[in-house]
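Have a look at structure26.txt below; it lists compact mmCIF, C-alpha atoms and all ligand atoms.
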# COMPACT_ATOMS: atom_id res chain seq x y z
CA MET A 1087 -6.05 38.97 31.93
CA THR A 1088 -2.28 38.95 31.84
CA PRO A 1089 -0.88 38.54 28.34
CA PRO A 1090 0.46 35.05 27.68
CA THR A 1091 4.21 34.74 28.12
CA ALA A 1092 6.47 32.91 25.72
CA GLU A 1093 6.62 29.96 28.12
CA GLY A 1094 3.12 29.97 29.51
CA ARG A 1095 1.12 30.62 26.34
CA ARG A 1096 -2.20 28.86 26.22
CA PHE A 1097 -2.81 26.52 23.34
CA ARG A 1098 -4.28 28.28 20.30
CA ALA A 1099 -5.01 26.37 17.15
CA TYR A 1100 -4.85 27.65 13.59
CA THR A 1101 -7.36 26.08 11.23
CA THR A 1102 -8.36 26.56 7.58
CA ARG A 1103 -10.01 29.85 8.62
CA HIS A 1104 -6.54 31.29 9.27
CA LEU A 1105 -4.88 29.61 6.34
CA ASP A 1106 -4.99 32.45 3.81
CA ASP A 1107 -3.30 34.90 6.21
CA LEU A 1108 -0.62 32.39 7.11
CA LEU A 1109 0.06 31.61 3.45
CA LYS A 1110 0.47 35.34 2.80
CA ARG A 1111 3.18 35.33 5.46
CA ALA A 1112 5.02 32.74 3.35
CA GLY A 1113 4.88 35.18 0.44
CA LEU A 1114 2.57 33.13 -1.79
CA SER A 1115 0.73 34.83 -4.66
CA ASP A 1116 -3.10 34.94 -4.86
CA GLU A 1117 -3.11 31.98 -7.23
CA GLN A 1118 -0.67 29.95 -5.13
CA ARG A 1119 -2.69 30.58 -1.98
CA LEU A 1120 -5.90 29.52 -3.66
CA ARG A 1121 -4.29 26.29 -4.85
CA ALA A 1122 -2.78 25.51 -1.43
CA ARG A 1123 -6.19 26.14 0.17
CA ALA A 1124 -7.75 23.84 -2.44
CA VAL A 1125 -5.46 21.06 -1.20
CA ALA A 1126 -6.64 21.81 2.35
CA THR A 1127 -10.22 20.99 1.32
CA VAL A 1128 -9.04 17.39 0.86
CA LEU A 1129 -6.29 16.90 3.44
CA PRO A 1130 -6.66 18.24 6.96
CA PHE A 1131 -4.87 21.42 8.08
CA ARG A 1132 -4.26 22.36 11.68
CA SER A 1133 -1.40 24.16 13.34
CA ASN A 1134 -0.83 26.22 16.47
CA THR A 1135 0.92 29.28 17.87
CA TYR A 1136 4.02 27.34 18.98
CA VAL A 1137 4.63 25.68 15.62
CA VAL A 1138 3.92 28.89 13.69
CA ASP A 1139 5.77 31.36 15.93
CA ASP A 1140 8.61 29.28 17.38
CA LEU A 1141 9.38 26.43 14.99
CA ILE A 1142 8.90 27.67 11.44
CA ASP A 1143 11.65 29.73 9.86
CA TRP A 1144 9.44 32.14 7.91
CA SER A 1145 12.40 33.65 6.08
CA ALA A 1146 12.88 30.24 4.42
CA ALA A 1147 9.16 29.51 3.79
CA PRO A 1148 7.69 27.93 1.71
CA ASP A 1149 10.81 25.71 1.50
CA ASP A 1150 11.32 25.58 5.25
CA PRO A 1151 10.96 21.93 6.39
CA ILE A 1152 8.74 22.74 9.38
CA TYR A 1153 6.55 24.90 7.15
CA ARG A 1154 6.29 21.91 4.80
CA LEU A 1155 5.52 19.67 7.75
CA VAL A 1156 2.23 21.44 8.48
CA PHE A 1157 1.23 23.60 5.49
CA PRO A 1158 -0.49 22.21 2.39
CA GLN A 1159 1.52 22.40 -0.83
CA GLU A 1160 -0.29 22.76 -4.13
CA ASP A 1161 1.62 19.87 -5.70
CA MET A 1162 0.62 17.39 -2.98
CA LEU A 1163 -2.31 16.41 -5.21
CA PRO A 1164 -2.63 15.86 -8.97
CA SER A 1165 -2.67 19.23 -10.67
CA GLU A 1166 -6.02 18.65 -12.49
CA ASP A 1167 -7.66 17.92 -9.15
CA VAL A 1168 -6.22 21.06 -7.61
CA THR A 1169 -7.42 23.14 -10.56
CA THR A 1170 -10.98 21.80 -10.21
CA LEU A 1171 -11.01 22.25 -6.44
CA ALA A 1172 -9.51 25.75 -6.69
CA ARG A 1173 -12.21 26.84 -9.16
CA LEU A 1174 -14.98 25.49 -6.92
CA LEU A 1175 -13.39 27.03 -3.84
CA ALA A 1176 -13.21 30.44 -5.52
CA ASP A 1177 -16.81 30.23 -6.78
CA ASP A 1178 -18.57 28.86 -3.73
CA PRO A 1179 -16.43 27.83 -0.74
CA LYS A 1180 -19.41 26.37 1.13
CA GLY A 1181 -21.03 24.73 -1.87
CA ALA A 1182 -22.13 21.12 -2.23
CA GLU A 1183 -20.12 20.81 -5.43
CA LEU A 1184 -16.82 21.52 -3.67
CA LYS A 1185 -17.73 19.09 -0.93
CA ALA A 1186 -18.47 16.33 -3.42
CA ALA A 1187 -15.28 17.02 -5.37
CA SER A 1188 -13.02 16.92 -2.31
CA PHE A 1189 -14.76 13.76 -1.13
CA ALA A 1190 -14.07 12.13 -4.51
CA VAL A 1191 -10.39 13.07 -4.38
CA ARG A 1192 -10.10 11.62 -0.86
CA ARG A 1193 -11.54 8.29 -2.01
CA ARG A 1194 -8.68 8.00 -4.49
CA LEU A 1195 -6.04 8.48 -1.77
CA ASN A 1196 -6.40 5.07 -0.10
CA PRO A 1197 -7.71 6.55 3.16
CA HIS A 1198 -7.42 3.32 5.17
CA PRO A 1199 -4.15 1.61 4.26
CA ALA A 1200 -3.17 -1.90 5.43
CA GLY A 1201 -6.82 -2.88 5.95
CA GLN A 1202 -6.92 -0.84 9.14
CA LEU A 1203 -10.69 -0.53 9.44
CA GLU A 1204 -11.51 -4.19 9.02
CA LEU A 1205 -8.52 -6.48 9.24
CA ASN A 1206 -7.13 -5.72 12.67
CA ARG A 1207 -10.34 -5.10 14.57
CA PRO A 1208 -10.95 -7.81 17.09
CA ARG A 1209 -14.34 -9.44 17.53
CA VAL A 1210 -16.14 -10.65 20.59
CA GLY A 1211 -18.84 -12.99 19.32
CA GLU A 1212 -20.69 -11.10 16.60
CA ASP A 1213 -19.47 -7.67 17.64
CA GLN A 1214 -16.53 -5.98 16.05
CA LEU A 1215 -14.87 -3.89 18.73
CA GLN A 1216 -14.47 -0.17 18.08
CA GLY A 1217 -11.23 1.64 18.75
CA ILE A 1218 -9.09 -1.45 19.31
CA GLN A 1219 -6.60 -3.01 16.91
CA HIS A 1220 -4.89 -6.29 17.60
CA LYS A 1221 -2.47 -7.17 14.84
CA TYR A 1222 0.64 -8.49 16.60
CA ARG A 1223 0.24 -11.09 19.33
CA GLU A 1224 1.76 -9.16 22.24
CA THR A 1225 0.49 -5.68 21.50
CA VAL A 1226 -2.95 -4.09 21.42
CA LEU A 1227 -3.55 -0.62 20.02
CA PHE A 1228 -6.17 1.53 21.67
CA PHE A 1229 -7.66 4.70 20.14
CA PRO A 1230 -9.29 6.73 22.94
CA GLN A 1231 -12.13 8.83 21.59
CA GLN A 1232 -10.90 12.12 23.07
CA GLY A 1233 -7.41 11.56 21.65
CA GLN A 1234 -8.27 11.46 17.97
CA THR A 1235 -6.87 14.83 17.05
CA CYS A 1236 -3.37 16.36 17.26
CA HIS A 1237 -1.82 19.66 18.37
CA ALA A 1238 -1.03 20.18 14.68
CA TYR A 1239 -1.41 17.95 11.64
CA CYS A 1240 1.49 16.62 9.61
CA THR A 1241 1.02 17.07 5.88
CA TYR A 1242 2.14 13.45 5.38
CA CYS A 1243 -0.11 12.01 8.10
CA PHE A 1244 -1.00 8.34 7.55
CA ARG A 1245 -4.07 8.67 9.78
CA TRP A 1246 -5.37 11.75 7.96
CA ALA A 1247 -8.70 10.07 7.21
CA GLN A 1248 -9.40 10.12 10.96
CA PHE A 1249 -9.36 13.90 10.80
CA VAL A 1250 -11.72 14.52 7.90
CA GLY A 1251 -15.46 14.17 8.05
CA ASP A 1252 -16.13 11.03 6.06
CA SER A 1253 -14.54 8.49 8.36
CA ASP A 1254 -14.55 10.41 11.59
CA LEU A 1255 -13.89 8.37 14.73
CA LYS A 1256 -14.57 5.05 13.09
CA MET A 1257 -11.60 3.69 14.99
CA ALA A 1258 -12.22 5.37 18.35
CA SER A 1259 -13.61 4.15 21.65
CA ASN A 1260 -14.32 5.57 25.08
CA ASP A 1261 -15.00 2.15 26.51
CA ILE A 1262 -12.02 1.32 28.70
CA ASP A 1263 -13.94 -1.53 30.34
CA GLN A 1264 -14.27 -3.22 26.97
CA LEU A 1265 -10.52 -2.90 26.39
CA VAL A 1266 -9.77 -4.32 29.85
CA ALA A 1267 -12.15 -7.24 29.25
CA TYR A 1268 -10.52 -7.92 25.89
CA ILE A 1269 -7.02 -7.89 27.37
CA LYS A 1270 -8.07 -10.22 30.20
CA ALA A 1271 -9.49 -12.62 27.65
CA HIS A 1272 -6.14 -12.52 25.80
CA PRO A 1273 -3.34 -13.42 28.20
CA GLU A 1274 -0.82 -13.19 25.35
CA VAL A 1275 -1.23 -9.39 25.32
CA THR A 1276 1.54 -7.75 27.35
CA SER A 1277 1.71 -4.27 25.82
CA VAL A 1278 -0.90 -1.59 25.18
CA LEU A 1279 -0.16 1.23 22.76
CA VAL A 1280 -2.48 4.19 23.32
CA THR A 1281 -2.55 6.15 20.10
CA GLY A 1282 -4.54 8.48 17.86
CA GLY A 1283 -4.36 11.18 16.70
CA ASP A 1284 -2.42 12.04 19.81
CA PRO A 1285 -3.44 10.84 23.29
CA MET A 1286 -1.52 13.75 24.84
CA ILE A 1287 -4.18 16.09 23.47
CA MET A 1288 -6.32 14.72 26.30
CA GLY A 1289 -6.24 16.48 29.64
CA GLU A 1290 -4.89 14.62 32.66
CA PRO A 1291 -8.28 13.61 34.13
CA VAL A 1292 -9.35 11.94 30.87
CA LEU A 1293 -5.95 10.34 30.32
CA ARG A 1294 -6.08 9.02 33.88
CA ARG A 1295 -9.48 7.46 33.29
CA TYR A 1296 -7.92 5.38 30.51
CA LEU A 1297 -4.56 4.59 32.10
CA ALA A 1298 -5.67 3.78 35.67
CA PRO A 1299 -7.44 0.50 34.81
CA LEU A 1300 -4.53 -0.54 32.56
CA MET A 1301 -1.90 -0.12 35.23
CA GLU A 1302 -3.89 -2.48 37.48
CA LEU A 1303 -3.58 -5.32 34.98
CA GLU A 1304 -0.91 -7.75 36.03
CA GLN A 1305 -0.32 -9.19 32.55
CA ILE A 1306 0.54 -5.76 31.13
CA GLU A 1307 4.28 -5.12 31.04
CA SER A 1308 4.33 -1.89 29.09
CA ILE A 1309 2.05 1.01 28.30
CA ARG A 1310 3.01 3.18 25.36
CA LEU A 1311 1.73 6.63 24.49
CA GLY A 1312 2.14 7.47 20.79
CA THR A 1313 2.52 11.24 20.65
CA LYS A 1314 3.88 14.23 18.76
CA ALA A 1315 3.27 16.60 21.66
CA LEU A 1316 7.02 16.98 22.32
CA GLY A 1317 7.35 18.29 18.77
CA TYR A 1318 4.11 20.25 18.46
CA TRP A 1319 3.28 21.39 22.01
CA PRO A 1320 5.98 20.67 24.61
CA GLN A 1321 4.08 23.00 26.95
CA ARG A 1322 1.92 19.93 27.60
CA PHE A 1323 4.63 18.68 29.98
CA VAL A 1324 5.94 22.01 31.30
CA THR A 1325 3.55 24.93 31.57
CA ASP A 1326 0.06 23.62 30.77
CA PRO A 1327 -2.28 23.73 33.79
CA ASP A 1328 -2.31 19.92 33.99
CA ALA A 1329 1.40 19.38 33.25
CA GLU A 1330 2.28 18.54 36.86
CA ASP A 1331 -0.69 16.20 37.26
CA THR A 1332 0.30 14.44 34.05
CA LEU A 1333 3.82 13.87 35.31
CA ARG A 1334 2.41 12.49 38.59
CA LEU A 1335 0.22 10.14 36.56
CA PHE A 1336 3.32 8.94 34.67
CA GLU A 1337 5.02 8.31 38.04
CA GLU A 1338 2.06 6.22 39.17
CA VAL A 1339 2.20 4.06 36.07
CA VAL A 1340 5.91 3.48 36.66
CA ALA A 1341 5.30 2.82 40.37
CA ALA A 1342 2.73 0.20 39.36
CA GLY A 1343 5.63 -1.70 37.82
CA LYS A 1344 4.95 -0.94 34.16
CA ASN A 1345 7.37 0.25 31.54
CA LEU A 1346 5.81 3.55 30.48
CA ALA A 1347 7.09 4.40 27.03
CA VAL A 1348 6.43 7.78 25.45
CA MET A 1349 6.69 7.02 21.73
CA ALA A 1350 7.71 10.47 20.55
CA HIS A 1351 7.34 11.44 16.93
CA PHE A 1352 10.09 13.86 15.82
CA THR A 1353 10.36 14.65 12.12
CA HIS A 1354 13.23 17.12 11.97
CA PRO A 1355 16.17 18.09 14.23
CA ARG A 1356 14.76 21.62 14.60
CA GLU A 1357 11.96 20.22 16.77
CA LEU A 1358 14.55 19.26 19.40
CA GLU A 1359 16.08 22.74 19.74
CA PRO A 1360 13.66 24.82 21.85
CA GLU A 1361 14.47 25.06 25.56
CA LEU A 1362 10.88 23.98 26.28
CA VAL A 1363 11.52 20.63 24.61
CA VAL A 1364 14.72 20.09 26.57
CA GLU A 1365 12.78 20.85 29.75
CA ALA A 1366 9.83 18.63 28.79
CA VAL A 1367 12.14 15.70 28.09
CA LYS A 1368 13.89 16.19 31.45
CA ARG A 1369 10.58 16.21 33.27
CA ILE A 1370 9.23 13.13 31.54
CA ARG A 1371 12.44 11.24 32.18
CA GLY A 1372 12.25 12.35 35.80
CA THR A 1373 9.05 10.32 36.17
CA GLY A 1374 10.80 7.10 35.22
CA ALA A 1375 9.10 6.96 31.83
CA VAL A 1376 11.25 6.09 28.83
CA ILE A 1377 11.07 8.17 25.64
CA ARG A 1378 11.54 6.32 22.36
CA THR A 1379 11.59 8.25 19.11
CA GLN A 1380 10.25 7.52 15.65
CA ALA A 1381 9.31 9.22 12.37
CA PRO A 1382 8.76 8.49 8.71
CA LEU A 1383 11.32 9.39 6.05
CA ILE A 1384 9.69 12.15 4.02
CA ARG A 1385 10.83 13.60 0.71
CA SER A 1386 11.55 17.33 0.92
CA ILE A 1387 11.30 17.38 4.74
CA ASN A 1388 13.87 14.97 6.20
CA ASP A 1389 15.35 13.00 3.27
CA ARG A 1390 19.01 13.71 4.01
CA PRO A 1391 21.10 11.35 6.17
CA GLU A 1392 22.70 14.24 8.14
CA LEU A 1393 19.27 15.20 9.44
CA TRP A 1394 18.67 11.71 10.81
CA SER A 1395 22.10 11.29 12.36
CA SER A 1396 21.73 14.72 13.91
CA MET A 1397 18.27 13.80 15.27
CA TRP A 1398 19.44 10.49 16.69
CA ARG A 1399 22.52 11.99 18.33
CA THR A 1400 20.63 14.86 19.91
CA GLN A 1401 17.87 12.56 21.08
CA HIS A 1402 20.41 10.16 22.51
CA THR A 1403 22.24 12.97 24.31
CA MET A 1404 18.93 14.15 25.76
CA GLY A 1405 18.29 10.65 27.08
CA MET A 1406 15.79 9.45 24.48
CA ILE A 1407 16.09 6.17 22.61
CA PRO A 1408 15.88 6.15 18.77
CA TYR A 1409 13.39 3.43 17.80
CA TYR A 1410 12.02 3.46 14.23
CA MET A 1411 12.58 5.09 10.86
CA PHE A 1412 9.40 4.38 8.89
CA VAL A 1413 8.74 4.38 5.18
CA GLU A 1414 5.92 6.80 4.26
CA ARG A 1415 2.74 4.73 4.00
CA ASP A 1416 0.68 4.12 0.90
CA THR A 1417 -2.00 6.66 1.68
CA GLY A 1418 -2.80 10.37 1.23
CA PRO A 1419 -0.18 12.35 -0.69
CA GLN A 1420 2.22 9.38 -0.79
CA ASP A 1421 3.23 10.15 -4.38
CA TYR A 1422 4.45 13.51 -3.24
CA PHE A 1423 6.34 12.46 -0.13
CA ALA A 1424 7.58 8.99 -1.04
CA VAL A 1425 11.29 8.21 -0.98
CA PRO A 1426 12.10 5.11 -3.08
CA LEU A 1427 13.11 2.12 -0.94
CA ALA A 1428 16.51 1.97 -2.64
CA GLN A 1429 17.20 5.54 -1.53
CA ALA A 1430 15.62 5.07 1.91
CA VAL A 1431 18.04 2.28 2.65
CA ASP A 1432 20.98 4.54 1.73
CA VAL A 1433 19.71 7.37 3.92
CA PHE A 1434 19.28 4.96 6.82
CA ARG A 1435 22.67 3.32 6.44
CA GLU A 1436 24.56 6.55 6.02
CA ALA A 1437 22.89 8.07 9.08
CA TYR A 1438 23.36 4.87 11.08
CA SER A 1439 27.05 4.79 10.23
CA GLN A 1440 27.48 8.30 11.67
CA VAL A 1441 26.25 7.51 15.19
CA SER A 1442 27.71 5.63 18.13
CA GLY A 1443 26.59 2.12 18.95
CA LEU A 1444 24.33 3.46 21.69
CA CYS A 1445 22.17 5.22 19.06
CA ARG A 1446 21.93 2.08 16.96
CA THR A 1447 18.79 1.04 18.78
CA VAL A 1448 16.97 2.46 15.77
CA ARG A 1449 15.47 0.11 13.17
CA GLY A 1450 14.42 0.74 9.62
CA PRO A 1451 13.55 1.75 7.07
CA SER A 1452 10.41 -0.12 8.07
CA MET A 1453 7.13 -0.46 6.17
CA SER A 1454 4.04 -0.95 8.35
CA ALA A 1455 2.24 -2.99 5.74
CA ASP A 1456 -0.59 -5.48 5.74
CA PRO A 1457 1.47 -8.57 6.74
CA GLY A 1458 3.53 -6.69 9.30
CA LYS A 1459 6.50 -4.40 9.72
CA VAL A 1460 8.89 -5.10 6.88
CA CYS A 1461 12.43 -3.78 7.23
CA VAL A 1462 14.55 -3.13 4.15
CA ASP A 1463 18.01 -4.26 5.20
CA GLY A 1464 19.83 -3.35 2.03
CA VAL A 1465 20.60 -4.04 -1.60
CA ALA A 1466 22.85 -7.00 -2.42
CA GLU A 1467 23.99 -9.05 -5.37
CA VAL A 1468 23.07 -12.68 -4.88
CA ALA A 1469 23.79 -15.31 -7.56
CA GLY A 1470 24.37 -12.55 -10.10
CA GLN A 1471 21.06 -10.86 -9.41
CA GLN A 1472 20.52 -7.51 -7.73
CA VAL A 1473 18.02 -7.87 -4.87
CA PHE A 1474 16.57 -6.15 -1.83
CA VAL A 1475 17.28 -8.02 1.39
CA LEU A 1476 14.35 -7.71 3.78
CA HIS A 1477 13.11 -9.10 7.07
CA MET A 1478 10.00 -8.81 9.17
CA ILE A 1479 10.35 -6.92 12.44
CA GLN A 1480 6.72 -7.70 13.28
CA ALA A 1481 4.30 -10.08 11.63
CA ARG A 1482 0.69 -11.15 12.00
CA ASP A 1483 2.15 -14.62 12.01
CA PRO A 1484 4.77 -14.63 14.80
CA LYS A 1485 6.67 -17.48 13.10
CA LEU A 1486 7.71 -15.06 10.34
CA VAL A 1487 9.41 -12.55 12.65
CA GLY A 1488 13.08 -12.26 11.83
CA THR A 1489 12.94 -14.39 8.67
CA PRO A 1490 15.09 -12.90 5.91
CA PHE A 1491 13.75 -12.83 2.35
CA PHE A 1492 14.53 -11.28 -1.02
CA ALA A 1493 12.83 -9.10 -3.58
CA LYS A 1494 13.89 -8.13 -7.08
CA TYR A 1495 15.71 -4.83 -7.08
CA ASP A 1496 13.55 -2.02 -8.40
CA PRO A 1497 14.92 1.52 -8.13
CA ASP A 1498 11.40 3.00 -8.29
CA ALA A 1499 9.68 0.78 -5.70
CA VAL A 1500 8.27 2.85 -2.85
CA TRP A 1501 6.16 0.27 -1.01
CA LEU A 1502 5.82 -3.44 -0.38
CA HIS A 1503 3.21 -3.85 -3.12
CA ASP A 1504 5.74 -2.62 -5.68
CA LEU A 1505 8.06 -5.54 -4.91
CA GLU A 1506 8.28 -8.99 -6.50
CA PRO A 1507 9.83 -12.00 -4.82
CA ALA A 1508 13.34 -13.11 -5.85
CA PHE A 1509 14.54 -16.74 -5.69
CA ALA A 1510 11.03 -17.80 -4.65
CA GLU A 1511 7.50 -18.01 -6.00
CA LYS A 1512 6.11 -16.02 -3.11
CA PHE A 1513 7.07 -13.88 -0.18
CA PRO A 1514 7.00 -15.72 3.18
CA PHE A 1515 3.84 -13.89 4.23
CA GLN A 1516 1.92 -14.74 1.05
C1 LIG B 1 4.13 -0.93 15.09
C2 LIG B 1 2.91 -1.55 15.57
C3 LIG B 1 2.87 -2.16 16.82
C4 LIG B 1 4.07 -2.17 17.76
O1 LIG B 1 5.09 -2.95 17.26
P1 LIG B 1 6.47 -3.02 18.04
O2 LIG B 1 7.42 -3.74 17.15
O3 LIG B 1 6.19 -3.76 19.32
O4 LIG B 1 6.89 -1.62 18.30
C5 LIG B 1 1.70 -2.76 17.20
N1 LIG B 1 0.61 -2.80 16.39
C6 LIG B 1 0.62 -2.24 15.17
C7 LIG B 1 -0.60 -2.32 14.32
C8 LIG B 1 1.77 -1.60 14.72
O5 LIG B 1 1.79 -1.04 13.50
S1 LIG B 2 1.13 13.53 14.82
FE1 LIG B 2 0.74 11.51 13.88
S2 LIG B 2 -1.48 11.29 13.85
FE2 LIG B 2 -1.03 13.46 14.23
S3 LIG B 2 -1.02 14.42 12.21
FE3 LIG B 2 1.11 13.82 12.61
S4 LIG B 2 1.31 11.76 11.72
FE4 LIG B 2 -0.87 12.20 11.90

For the structure just supplied, provide its representation as structure tokens.
Ligand SMILES: *Cc1c(COP(=O)(O)O)cnc(C)c1O
Ligand code: SF4
Amino acid sequence: MTPPTAEGRRFRAYTTRHLDDLLKRAGLSDEQRLRARAVATVLPFRSNTYVVDDLIDWSAAPDDPIYRLVFPQEDMLPSEDVTTLARLLADDPKGAELKAASFAVRRRLNPHPAGQLELNRPRVGEDQLQGIQHKYRETVLFFPQQGQTCHAYCTYCFRWAQFVGDSDLKMASNDIDQLVAYIKAHPEVTSVLVTGGDPMIMGEPVLRRYLAPLMELEQIESIRLGTKALGYWPQRFVTDPDAEDTLRLFEEVVAAGKNLAVMAHFTHPRELEPELVVEAVKRIRGTGAVIRTQAPLIRSINDRPELWSSMWRTQHTMGMIPYYMFVERDTGPQDYFAVPLAQAVDVFREAYSQVSGLCRTVRGPSMSADPGKVCVDGVAEVAGQQVFVLHMIQARDPKLVGTPFFAKYDPDAVWLHDLEPAFAEKFPFQ
């Protein structure tokens, strides 16, 4: 076998088995490593050779933002929990007691925010459909079974429960016929968002099996692929054995008259720097697909406005379209990563003010909450009272889209459920 080259390296994952060695590389002490590994018994860890060797600046670890993007931090969970888990992990790493303790901690982390498992799952007669979510009239989300993992896991992942044993694949389906039948029965659906995990973890033949029937559907105007592959494994579009076939598949979707949108998740400007990413973006754009970018605002990883303006400008220059800045959801280690809404709005506005009008396609900061996507527009003084001004970008009830409303200013609020209505008894969606 020829040794893998920098460009043509085959995908190799790092899992919890490799964690201790990798943490040593960050210079953590025995105790610190044990505590970080204790966190990884609750929240999923996965990385790969590209992220570890090409993206992380090890001289800056453990403060390096890309290191923090994938490696567990001991303070991501309450310290008493970490102490308990660390003791159990040291005593008996395979023991039932550790398993039970990590399960209990997970239950307290709101594993399925915004009623994901129940509220948005469509029914046909008595049956609740697996792997399909239909929350907003025009758009259906599809979770292909083979796409429910990622090339690496983000420490702040809002779908983390998908990756740990207790709720595995509850949202996934391999039944494309069922999705097609559902869409045909719902003529209002014009957009399908294939998501995960990361659908680009699937090889081209599997991806084709899902996309081919969708591109035949006349009512479908756009097909979106929610992915972090451009950040975590750009080889997927350049040097992987099925890269060329994948690009041909993208061309076919475009030729079928659909808007193919690669919804690319980029967390930090560093992810845009490698030559491989530049090349991957060029190739995808060459197929006629459009790349739109999105990410959550995360404390200690990307909570400075200069990082966002830099991301948006570079993306724009590369031909991508900035789409969403999200607020970190109310799940997993939210307490650790949350940026208060009052601060999020400042970060957004300052970054937004630093870019040209062509980059101002981006919207946010947006909370994907139970009633819909709620955008925090700003803080204002109205009738002598300090308030948040908000509006709904998306809503279960389409009549509410675009309606402005107010909430009492609260400097500590981090999520919709922390807010109280101002000048009204209720919020419009209540
Ligand atoms: C964000 C989201 C969509 C897509 O909304 P757009 O505004 O069209 O981008 C669809 N369904 C769910 C559940 C979402 O969270
Ligand atoms: S890429 Fe998305 S689904 Fe995958 S770990 Fe990151 S946030 Fe979660």

Spatial neighbours of A:Arg1295, max dist 12 Å, only C-alpha atoms, sep filter under 4 positions, as an MDAnalysis selection string: chainID A and resid 1230 1232 1260:1263 1288:1291 1299:1301 1335

If you take all atoms listed in the file and a cut-off of 9 Å, which residues of stretch 1169-1249 of chain A touch stretch 1127-1131 of chain A, and what are their nearest atom pairs and distances in Å to one decimal, in chain and number order, as JSON lines?
{"residue": "A:Leu1171", "atom": "CA", "partner": "A:Thr1127", "partner_atom": "CA", "distance": 7.9}
{"residue": "A:Leu1175", "atom": "CA", "partner": "A:Thr1127", "partner_atom": "CA", "distance": 8.6}
{"residue": "A:Leu1184", "atom": "CA", "partner": "A:Thr1127", "partner_atom": "CA", "distance": 8.3}
{"residue": "A:Lys1185", "atom": "CA", "partner": "A:Thr1127", "partner_atom": "CA", "distance": 8.1}
{"residue": "A:Ala1187", "atom": "CA", "partner": "A:Val1128", "partner_atom": "CA", "distance": 8.8}
{"residue": "A:Ser1188", "atom": "CA", "partner": "A:Val1128", "partner_atom": "CA", "distance": 5.1}
{"residue": "A:Phe1189", "atom": "CA", "partner": "A:Val1128", "partner_atom": "CA", "distance": 7.1}
{"residue": "A:Val1191", "atom": "CA", "partner": "A:Val1128", "partner_atom": "CA", "distance": 6.9}
{"residue": "A:Arg1192", "atom": "CA", "partner": "A:Val1128", "partner_atom": "CA", "distance": 6.1}
{"residue": "A:Ala1238", "atom": "CA", "partner": "A:Phe1131", "partner_atom": "CA", "distance": 7.7}
{"residue": "A:Tyr1239", "atom": "CA", "partner": "A:Phe1131", "partner_atom": "CA", "distance": 6.1}
{"residue": "A:Cys1240", "atom": "CA", "partner": "A:Phe1131", "partner_atom": "CA", "distance": 8.1}
{"residue": "A:Thr1241", "atom": "CA", "partner": "A:Phe1131", "partner_atom": "CA", "distance": 7.6}
{"residue": "A:Trp1246", "atom": "CA", "partner": "A:Pro1130", "partner_atom": "CA", "distance": 6.7}
{"residue": "A:Ala1247", "atom": "CA", "partner": "A:Leu1129", "partner_atom": "CA", "distance": 8.2}
{"residue": "A:Phe1249", "atom": "CA", "partner": "A:Pro1130", "partner_atom": "CA", "distance": 6.4}

Work out how far apart atom CA of A:Glu1330 and atom CA of A:Ala1099 are and give it in Å to one decimal. 22.4 Å

Could the centre and edge lengths of an axis-aligned box, enclosing all atoms of ligand LIG 2 (chain B) in the file with 5 Å extra on each side, be given in Å to one decimal as JSON?
{"center_x": -0.1, "center_y": 12.9, "center_z": 13.3, "size_x": 12.8, "size_y": 13.1, "size_z": 13.1}

In terms of the shortest atom-to-atom distance over only C-alpha atoms, which of A:His1198, A:Arg1207, A:Lys1494, A:His1477 is closest to A:Ser1452? A:His1477

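When atom CA of A:Val1226 is paired with atom CA of A:Val1339, their separation reads 17.5 Å.
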
Can you tell me, as a PyMOL selection string, which residues sit within 9 Å of (9.5, 9.3, 35.0) in the file's frame, using all atoms listed in the file? chain A and resi 1333-1334+1336-1337+1340+1346+1368-1376

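Residue nearest ligand LIG 2 (chain B) within the list A:Asn1196, A:Gln1248, A:Gln1216, A:Gln1420: A:Gln1248 [criterion: smallest interatomic distance, all atoms listed in the file].
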
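The coordinates place atom CA of A:Leu1215 at 25.0 Å from atom CA of A:Asp1416.
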
Residues up to 7 Å from ligand LIG 1 (chain B), counting all atoms listed in the file: could you list those as a list in words? Gln1219, His1220, Lys1221, Tyr1222, Thr1225, Val1226, Leu1227, Ser1454, Lys1459, Ile1479 and Gln1480 of chain A

Identify, on the basis of all atoms listed in the file, every residue whose closest approach to stretch 1435-1445 of chain A does not exceed 7 Å; exclude the query and any residue fewer than 5 positions from it along the same chain; express the result as a count of residues only. 8

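For the residues A:Leu1163, A:Ala1481, A:Met1397, A:Val1465, ranking by smallest atom-to-atom distance to A:Asp1421 using only C-alpha atoms places A:Leu1163 first.
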
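Nearest-residue note for A:Ala1347: choosing from A:Arg1310, A:Arg1446, A:Arg1322, A:Arg1223, the minimum distance belongs to A:Arg1310, counting all atoms listed in the file.
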
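Proximity ranking of A:Val1500, A:Ile1152, A:Met1404, A:Val1460 relative to A:Tyr1136 places A:Ile1152 first, based on all atoms listed in the file.
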
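The list of residues within 8 Å of (16.2, 18.1, 15.5), counted using all atoms listed in the file, is Phe1352, Thr1353, His1354, Pro1355, Arg1356, Glu1357, Leu1358, Glu1359, Leu1393, Ser1396, Met1397 and Thr1400 of chain A.
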
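Of the residues listed (A:Glu1338, A:Glu1307, A:Asp1106, A:Asp1496), A:Asp1496 shows the shortest atom-to-atom separation from A:Gln1472; distances use only C-alpha atoms.
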
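Residues lying within 12 Å of A:Leu1109, counting all atoms listed in the file and ignoring same-chain neighbours fewer than 5 positions away, are Tyr1100, Thr1102, Arg1103, His1104, Leu1114, Ser1115, Asp1116, Glu1117, Gln1118, Arg1119, Leu1120, Arg1121, Ala1122, Arg1123, Ala1126, Val1138, Trp1144, Ala1147, Pro1148, Tyr1153, Arg1154, Val1156, Phe1157, Pro1158, Gln1159 and Glu1160 of chain A.
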